[in-house]
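Colleague: Encoded as structure tokens, here's the structure I'll be asking about.
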Amino acid sequence: MPMPKWFGQVNKRIFNKLELKRGVRPVLTHVGRSSGKKFETPLDAHRVEDGFIFILMYGSGSDWVKNVLAAGTAHLRVDDAEFDLDSPRVVTKDVAWQQLGPTTKAPPDFLKVTEYLQMNISP
């Protein structure tokens, strides 16, 4: 996991709530794999040809990633646009950066981010 797990927990409990209140970031709605509860997670969503790529700052072991992979679907709100997403898959850094545009800001090298989540827009 690139970032420490404890920081992810702080982020989930404090900073995500603040970001949701601000309302300026893309929000991914997903269903808990055990609870069945709906969760909203503010993320950076990077548009690619058939969908979106998400940089996994905490790795594929994050709860929201596990939820999306288990459900196979999620819903994304970006500004005023809404997207139903499917076909989630973890891809490597090389696969992700072949699709991401040159203006996409890469995470700092010291974080050693190697996993990305790619999802398609549902027809």
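Quick note on naming: the chains in the structure tokens go A, B, ... in the order shown, residues restart at 1 in each chain, and ligands are numbered from 1 in order of appearance.
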From a backbone DSSP assignment, name each residue in range 48-106 of chain A labelled helix (DSSP H, G or I), as number ranges by chain.

Modeller: A: 63-71, 93-99

Colleague: Would you pick out the contacts of Leu100 in chain A at 10 Å or less, using only C-alpha atoms, so that residues sharing its chain but fewer than 3 positions from it are not included, and give the list as a list in words?

Modeller: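 Once the nearby chain positions are removed, what remains is His46, Arg47, Val48, Glu49, Phe52, Ile53, Val95, Ala96, Trp97, Thr103, Thr104, Lys105 and Ala106 of chain A.
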
Colleague: Hey, which of A:His30, A:Arg25, A:Ala70, A:Gly51 ends up closest to Phe83 in chain A? Count only C-alpha atoms.

Modeller: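 Among the listed residues, A:Gly51 lies closest to Phe83 in chain A.
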
Colleague: Nearest residue to Gly32 in chain A out of A:Gly59, A:Val68, A:Gln99, A:Phe54, using only C-alpha atoms?

Modeller: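 Smallest separation from Gly32 in chain A among the options: A:Val68.
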
Colleague: Closest to Pro107 in chain A among A:Ser62, A:Glu82, A:Leu28, A:Lys93, using only C-alpha atoms?

Modeller: A:Lys93

Colleague: Return the single residue from A:Ala74, A:Leu69, A:Ala45, A:Leu56 that is closest to Arg33 in chain A, with distances computed using only C-alpha atoms.

Modeller: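 Result for the nearest residue to Arg33 in chain A: A:Leu69.
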
Colleague: Name the residues in contact with Val27 in chain A at a cut-off of 7 Å, using only C-alpha atoms, excluding same-chain residues fewer than 4 positions from it; report them as a list in words.

Modeller: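 The residues that qualify are Glu40, Thr41, Pro42, Leu43, Leu76, Arg77 and Val78 of chain A.
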
Colleague: Can you list every residue in range 25-67 of chain A that DSSP puts in strand (DSSP E), as a PyMOL selection string?

Modeller: chain A and resi 27-31+38-42+46-48+51-55

Colleague: Of the candidates A:Leu111, A:Pro123, A:Pro26, A:Leu117, which one gets nearest to Asp80 in chain A if we count only C-alpha atoms?

Modeller: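 Answer, going by the shortest atom-to-atom distance: A:Pro26.
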
Colleague: Go through A:Ala71, A:Ile55, A:Val31, A:Ala81 one by one, measure the shortest atom-to-atom distance of each to Glu115 in chain A using only C-alpha atoms, and give the residue with the smallest value.

Modeller: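 The answer is A:Ile55, which sits nearest to Glu115 in chain A.
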